[in-house]
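Asker: You'll find model.cif just under this line, and it carries mmCIF, C-alpha atoms.
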```
data_coords
loop_
_atom_site.label_atom_id
_atom_site.label_comp_id
_atom_site.auth_asym_id
_atom_site.auth_seq_id
_atom_site.Cartn_x
_atom_site.Cartn_y
_atom_site.Cartn_z
CA MET U 11 8.01 19.71 -13.18
CA SER U 12 11.74 19.87 -13.69
CA GLU U 13 12.88 16.81 -11.77
CA ASN U 14 11.13 13.47 -11.83
CA LEU U 15 10.15 11.90 -8.52
CA VAL U 16 10.65 8.33 -9.73
CA THR U 17 13.87 7.42 -11.53
CA ILE U 18 13.23 5.27 -14.59
CA THR U 19 16.38 3.70 -16.02
CA ASP U 20 17.13 3.94 -19.76
CA ASP U 21 16.30 0.22 -20.25
CA ALA U 22 12.96 0.68 -18.47
CA LYS U 23 12.20 3.81 -20.54
CA ASP U 24 12.85 1.86 -23.76
CA TYR U 25 10.59 -0.95 -22.56
CA LEU U 26 7.77 1.41 -21.48
CA ARG U 27 7.94 3.49 -24.68
CA ASP U 28 7.64 0.29 -26.73
CA LEU U 29 4.81 -1.05 -24.54
CA LEU U 30 2.84 2.20 -24.74
CA ALA U 31 3.34 2.48 -28.52
CA LYS U 32 1.83 -1.01 -28.93
CA GLN U 33 -1.36 0.16 -27.20
CA ASN U 34 -2.13 2.31 -30.26
CA SER U 35 -3.88 4.86 -28.05
CA PRO U 36 -2.83 8.53 -28.45
CA GLY U 37 -2.01 10.25 -25.17
CA ILE U 38 -1.76 7.03 -23.13
CA GLY U 39 0.72 7.06 -20.26
CA VAL U 40 1.34 5.10 -17.09
CA ARG U 41 0.08 5.69 -13.57
CA VAL U 42 2.32 4.77 -10.63
CA PHE U 43 0.95 4.21 -7.15
CA VAL U 44 1.49 2.28 -3.91
CA GLU U 45 -1.10 -0.14 -2.54
CA ARG U 46 -1.14 -0.33 1.29
CA PRO U 47 1.55 2.37 1.64
CA GLY U 48 3.43 2.63 4.91
CA THR U 49 2.86 -1.03 5.81
CA PRO U 50 4.97 -4.19 5.47
CA HIS U 51 2.50 -5.23 2.76
CA ALA U 52 3.10 -2.17 0.56
CA GLU U 53 3.17 -2.96 -3.12
CA CYS U 54 4.32 -0.61 -5.88
CA CYS U 55 2.09 -0.73 -8.93
CA MET U 56 1.97 0.62 -12.45
CA ALA U 57 -1.02 0.66 -14.79
CA TYR U 58 -1.93 2.12 -18.14
CA CYS U 59 -3.49 5.56 -17.86
CA GLN U 60 -5.66 6.76 -20.71
CA PRO U 61 -6.09 10.54 -21.15
CA ASP U 62 -8.31 11.95 -18.38
CA GLU U 63 -8.21 8.71 -16.31
CA GLN U 64 -5.91 10.20 -13.68
CA ASP U 65 -7.20 11.52 -10.36
CA ALA U 66 -7.29 15.27 -9.68
CA GLU U 67 -4.43 15.09 -7.14
CA ASP U 68 -2.13 13.00 -9.37
CA ILE U 69 1.08 14.66 -10.56
CA ARG U 70 2.26 14.38 -14.16
CA TYR U 71 5.95 13.78 -14.88
CA GLU U 72 7.46 13.85 -18.36
CA TYR U 73 9.95 11.21 -19.46
CA GLU U 74 11.58 10.85 -22.87
CA GLY U 75 8.76 9.81 -25.18
CA PHE U 76 6.02 9.23 -22.58
CA HIS U 77 4.51 10.58 -19.37
CA ALA U 78 3.74 9.11 -15.97
CA TRP U 79 1.10 10.11 -13.46
CA ILE U 80 2.12 9.64 -9.83
CA GLU U 81 -0.81 9.13 -7.48
CA GLY U 82 -0.98 12.14 -5.17
CA LYS U 83 -1.24 10.18 -1.92
CA SER U 84 1.65 7.88 -2.98
CA VAL U 85 4.16 10.69 -3.62
CA LYS U 86 5.84 10.58 -0.20
CA TYR U 87 6.16 6.78 -0.43
CA LEU U 88 7.75 6.94 -3.90
CA GLU U 89 10.62 9.29 -3.07
CA ASP U 90 13.91 7.69 -4.20
CA ALA U 91 12.01 5.01 -6.16
CA VAL U 92 13.72 3.38 -9.15
CA ILE U 93 12.04 1.47 -11.97
CA ASP U 94 14.38 -0.76 -13.98
CA TYR U 95 14.04 -3.37 -16.69
CA LYS U 96 16.23 -6.45 -17.02
CA LYS U 97 16.13 -8.76 -20.00
CA ASP U 98 16.17 -12.47 -19.22
CA SER U 99 15.50 -15.80 -20.95
CA MET U 100 11.72 -15.31 -20.56
CA GLY U 101 11.84 -11.86 -22.19
CA GLY U 102 12.38 -9.50 -19.31
CA GLN U 103 11.11 -8.09 -16.07
CA LEU U 104 10.24 -4.61 -14.87
CA THR U 105 11.46 -4.12 -11.31
CA PHE U 106 10.35 -1.49 -8.85
CA ARG U 107 12.45 -0.44 -5.85
CA ALA U 108 10.82 2.07 -3.50
CA PRO U 109 12.66 2.14 -0.17
CA LYS U 110 10.10 4.45 1.49
CA SER U 111 6.99 2.55 0.38
CA ARG U 112 6.83 0.47 3.58
CA VAL U 113 7.87 3.17 6.02
CA PRO U 114 4.92 4.24 8.19
CA GLU U 115 4.57 7.98 8.15
CA ILE U 116 1.94 10.21 9.57
CA GLY U 117 1.97 13.94 9.39
CA ASP U 118 -0.64 16.58 10.08
CA ASP U 119 -2.32 15.80 6.75
CA ALA U 120 -2.35 11.99 7.17
CA SER U 121 -5.57 10.27 6.15
CA VAL U 122 -7.59 8.09 8.54
CA GLU U 123 -6.30 5.01 6.67
CA GLU U 124 -2.67 6.12 6.97
CA ARG U 125 -3.08 6.74 10.70
CA ILE U 126 -4.73 3.36 11.26
CA ASN U 127 -1.89 1.60 9.43
CA TYR U 128 0.68 3.60 11.35
CA TYR U 129 -0.70 2.57 14.75
CA LEU U 130 -1.26 -1.03 13.67
CA TYR U 131 2.38 -1.41 12.68
CA SER U 132 4.04 0.82 15.28
CA GLU U 133 2.01 -0.06 18.42
CA ILE U 134 -0.42 -2.95 18.00
CA ASN U 135 1.51 -5.52 15.95
CA PRO U 136 4.63 -5.39 18.13
CA GLY U 137 2.43 -6.53 21.06
CA LEU U 138 0.70 -9.23 19.03
CA ALA U 139 4.07 -10.48 17.78
CA SER U 140 4.83 -11.88 21.26
CA HIS U 141 2.09 -14.44 20.53
CA GLY U 142 3.19 -14.89 16.93
CA GLY U 143 0.23 -12.82 15.72
CA ASN U 144 -0.46 -9.78 13.59
CA VAL U 145 -3.35 -7.74 12.24
CA GLN U 146 -3.75 -5.73 9.07
CA LEU U 147 -6.27 -3.29 7.66
CA LEU U 148 -8.23 -4.77 4.76
CA GLU U 149 -10.59 -1.87 4.14
CA LEU U 150 -11.84 1.39 5.57
CA THR U 151 -15.54 1.89 4.79
CA ASP U 152 -17.18 5.20 3.95
CA GLU U 153 -18.57 5.18 7.51
CA ASN U 154 -14.99 4.97 8.93
CA VAL U 155 -15.36 1.34 10.00
CA ALA U 156 -11.99 -0.45 9.92
CA ILE U 157 -12.23 -3.99 8.52
CA LEU U 158 -9.28 -5.97 9.92
CA GLU U 159 -7.78 -9.40 9.38
CA PHE U 160 -5.75 -11.24 11.98
CA GLY U 161 -2.96 -13.63 11.08
CA GLY U 162 -0.38 -15.91 12.67
CA GLY U 163 -1.12 -16.83 16.28
CA CYS U 164 -4.20 -14.58 16.31
CA GLN U 165 -6.02 -16.53 13.59
CA GLY U 166 -8.35 -18.99 15.31
CA CYS U 167 -7.23 -17.87 18.78
CA SER U 168 -9.94 -18.24 21.41
CA ALA U 169 -8.95 -14.88 22.93
CA VAL U 170 -9.21 -12.91 19.66
CA ASP U 171 -12.54 -11.25 20.58
CA MET U 172 -10.98 -9.85 23.75
CA THR U 173 -7.85 -8.82 21.82
CA LEU U 174 -10.00 -7.04 19.23
CA ARG U 175 -12.30 -5.25 21.70
CA ASP U 176 -9.94 -4.45 24.59
CA GLY U 177 -6.71 -4.03 22.69
CA VAL U 178 -6.95 -3.24 19.01
CA GLU U 179 -10.26 -1.33 18.90
CA LYS U 180 -9.58 0.61 22.10
CA THR U 181 -6.11 1.68 20.95
CA LEU U 182 -7.22 2.62 17.44
CA LYS U 183 -10.22 4.66 18.63
CA GLU U 184 -8.00 6.55 21.10
CA ARG U 185 -5.43 7.33 18.41
CA VAL U 186 -7.85 7.87 15.50
CA PRO U 187 -11.01 9.52 16.91
CA GLU U 188 -12.76 9.58 13.50
CA LEU U 189 -12.88 5.77 13.57
CA THR U 190 -16.46 4.63 14.29
CA ALA U 191 -15.95 0.86 14.67
CA VAL U 192 -13.60 -2.04 14.10
CA ARG U 193 -14.71 -5.32 12.51
CA ASP U 194 -12.85 -8.63 12.20
CA LYS U 195 -13.06 -10.39 8.82
CA THR U 196 -10.71 -13.25 9.73
CA ASP U 197 -11.64 -16.89 9.13
CA HIS U 198 -11.12 -18.13 12.70
CA SER U 199 -12.07 -21.72 11.83
CA GLN U 200 -8.39 -22.18 10.93
CA THR U 201 -6.72 -22.87 14.29
CA ASP U 202 -3.44 -24.52 13.22
CA ASN U 203 -1.25 -21.67 14.52
CA ALA U 204 -3.58 -20.26 17.17
CA TYR U 205 -1.90 -19.06 20.35
CA PHE U 206 -4.86 -20.10 22.54
CA LYS U 207 -7.04 -22.96 21.19
#
```
Please, can you express the file's structure as structure tokens?
Answerer:
Amino acid sequence: MSENLVTITDDAKDYLRDLLAKQNSPGIGVRVFVERPGTPHAECCMAYCQPDEQDAEDIRYEYEGFHAWIEGKSVKYLEDAVIDYKKDSMGGQLTFRAPKSRVPEIGDDASVEERINYYLYSEINPGLASHGGNVQLLELTDENVAILEFGGGCQGCSAVDMTLRDGVEKTLKERVPELTAVRDKTDHSQTDNAYFK
């Protein structure tokens, strides 16, 4: 590919080239991806990628002296991303700025997980926020069961079962028909911030 999706500054390239060379593993590169993309909890990540460790939908980009694999499903969240390296008294730090990583986006090809996150953050959490609460997707099982965790005023709230069944689950199943069930994995014994005790 002619143009790289993620901009890596010269200082970061120097750092990564040196880091990869120290691995003493021919053909090693890095893999860049976003955990929990399209949510306020999105986190940009980078890991070593040995030859043939990449996924089939990953895209390879060439940089001076090394290559990077960009996770296929993270591509749209990594547009305009910049990786930089700043030296400091402790040695230095690699920084990752990806302005689109937390922007919910669903298109015609959006996965079930992306659609769940989109509706959690665009429709459900704004309503829960009036009680100081929120909910996030922890996991989507192979059977399309959404495992959720409540926080803030929803954690330990005596009305959380009703909120889950009549609000969250109903809304998600209407918006994401493939969803088979919704489960709550929250520790509701913690009631310090509960809206209703």
Asker: Please, which residues are within 9 Å of (2.6, 5.2, -2.3) by the file's coordinates, counting all atoms listed in the file, and could they come as a PyMOL selection string?
Answerer: chain U and resi 42-48+52-55+80-88+108+110-112
Asker: Specify as a PyMOL selection string each residue included when the PyMOL selection byres ((chain U and resi 20) around 12) is applied to this file.
Answerer: chain U and resi 17-19+21-27+73-75+92-96
Asker: What separation in Å, quoted to one decimal, exists between atom CA of U:Glu13 and atom CA of U:Glu72?
Answerer: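 Here the two named atoms are 9.0 Å from each other.
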Asker: Name the closest residue to U:Gly161 among the candidates U:Glu188, U:Glu149, U:Glu67, U:Asp194; distances are taken between atoms, counting only C-alpha atoms.
Answerer: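 Of U:Glu188, U:Glu149, U:Glu67, U:Asp194, the one nearest U:Gly161 is U:Asp194, counting only C-alpha atoms.
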Asker: Counting all atoms listed in the file, which residue out of U:Thr49, U:Ser132, U:Gln64, U:Asn154 sits closest to U:Leu189?
Answerer: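 Among the listed residues, U:Asn154 lies closest to U:Leu189.
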Asker: Missing atoms in stretch 139-162 of chain U need filling: write out N, CA and C atoms for it as a compact mmCIF listing (two decimals), in the coordinates of the input.
Answerer:
```
# COMPACT_ATOMS: atom_id res chain seq x y z
N ALA U 139 2.95 -9.64 18.23
CA ALA U 139 4.07 -10.48 17.78
C ALA U 139 4.57 -11.41 18.89
N SER U 140 4.38 -11.01 20.16
CA SER U 140 4.83 -11.88 21.26
C SER U 140 4.04 -13.18 21.29
N HIS U 141 2.88 -13.22 20.65
CA HIS U 141 2.09 -14.44 20.53
C HIS U 141 2.15 -14.99 19.12
N GLY U 142 3.06 -14.45 18.32
CA GLY U 142 3.19 -14.89 16.93
C GLY U 142 2.07 -14.39 16.04
N GLY U 143 1.38 -13.32 16.47
CA GLY U 143 0.23 -12.82 15.72
C GLY U 143 0.47 -11.49 15.07
N ASN U 144 -0.49 -11.08 14.24
CA ASN U 144 -0.46 -9.78 13.59
C ASN U 144 -1.86 -9.44 13.12
N VAL U 145 -2.06 -8.19 12.78
CA VAL U 145 -3.35 -7.74 12.24
C VAL U 145 -3.07 -6.70 11.17
N GLN U 146 -3.90 -6.71 10.14
CA GLN U 146 -3.75 -5.73 9.07
C GLN U 146 -5.10 -5.16 8.67
N LEU U 147 -5.07 -3.96 8.14
CA LEU U 147 -6.27 -3.29 7.66
C LEU U 147 -6.58 -3.79 6.26
N LEU U 148 -7.79 -4.32 6.08
CA LEU U 148 -8.23 -4.77 4.76
C LEU U 148 -8.94 -3.65 4.02
N GLU U 149 -9.75 -2.88 4.79
CA GLU U 149 -10.59 -1.87 4.14
C GLU U 149 -11.03 -0.86 5.20
N LEU U 150 -11.22 0.36 4.75
CA LEU U 150 -11.84 1.39 5.57
C LEU U 150 -13.11 1.81 4.83
N THR U 151 -14.27 1.59 5.47
CA THR U 151 -15.54 1.89 4.79
C THR U 151 -15.80 3.39 4.77
N ASP U 152 -16.79 3.80 4.02
CA ASP U 152 -17.18 5.20 3.95
C ASP U 152 -17.67 5.72 5.31
N GLU U 153 -18.10 4.80 6.17
CA GLU U 153 -18.57 5.18 7.51
C GLU U 153 -17.44 5.15 8.53
N ASN U 154 -16.18 5.05 8.06
CA ASN U 154 -14.99 4.97 8.93
C ASN U 154 -15.00 3.75 9.85
N VAL U 155 -15.45 2.62 9.31
CA VAL U 155 -15.36 1.34 10.00
C VAL U 155 -14.12 0.63 9.44
N ALA U 156 -13.21 0.25 10.33
CA ALA U 156 -11.99 -0.45 9.92
C ALA U 156 -12.28 -1.95 9.86
N ILE U 157 -12.07 -2.55 8.69
CA ILE U 157 -12.23 -3.99 8.52
C ILE U 157 -10.82 -4.58 8.62
N LEU U 158 -10.61 -5.43 9.63
CA LEU U 158 -9.28 -5.97 9.92
C LEU U 158 -9.23 -7.46 9.67
N GLU U 159 -8.01 -7.96 9.48
CA GLU U 159 -7.78 -9.40 9.38
C GLU U 159 -6.60 -9.76 10.25
N PHE U 160 -6.81 -10.75 11.10
CA PHE U 160 -5.75 -11.24 11.98
C PHE U 160 -5.02 -12.39 11.30
N GLY U 161 -3.74 -12.55 11.63
CA GLY U 161 -2.96 -13.63 11.08
C GLY U 161 -2.04 -14.23 12.14
N GLY U 162 -1.32 -15.26 11.74
CA GLY U 162 -0.38 -15.91 12.67
C GLY U 162 -1.10 -16.49 13.86
```
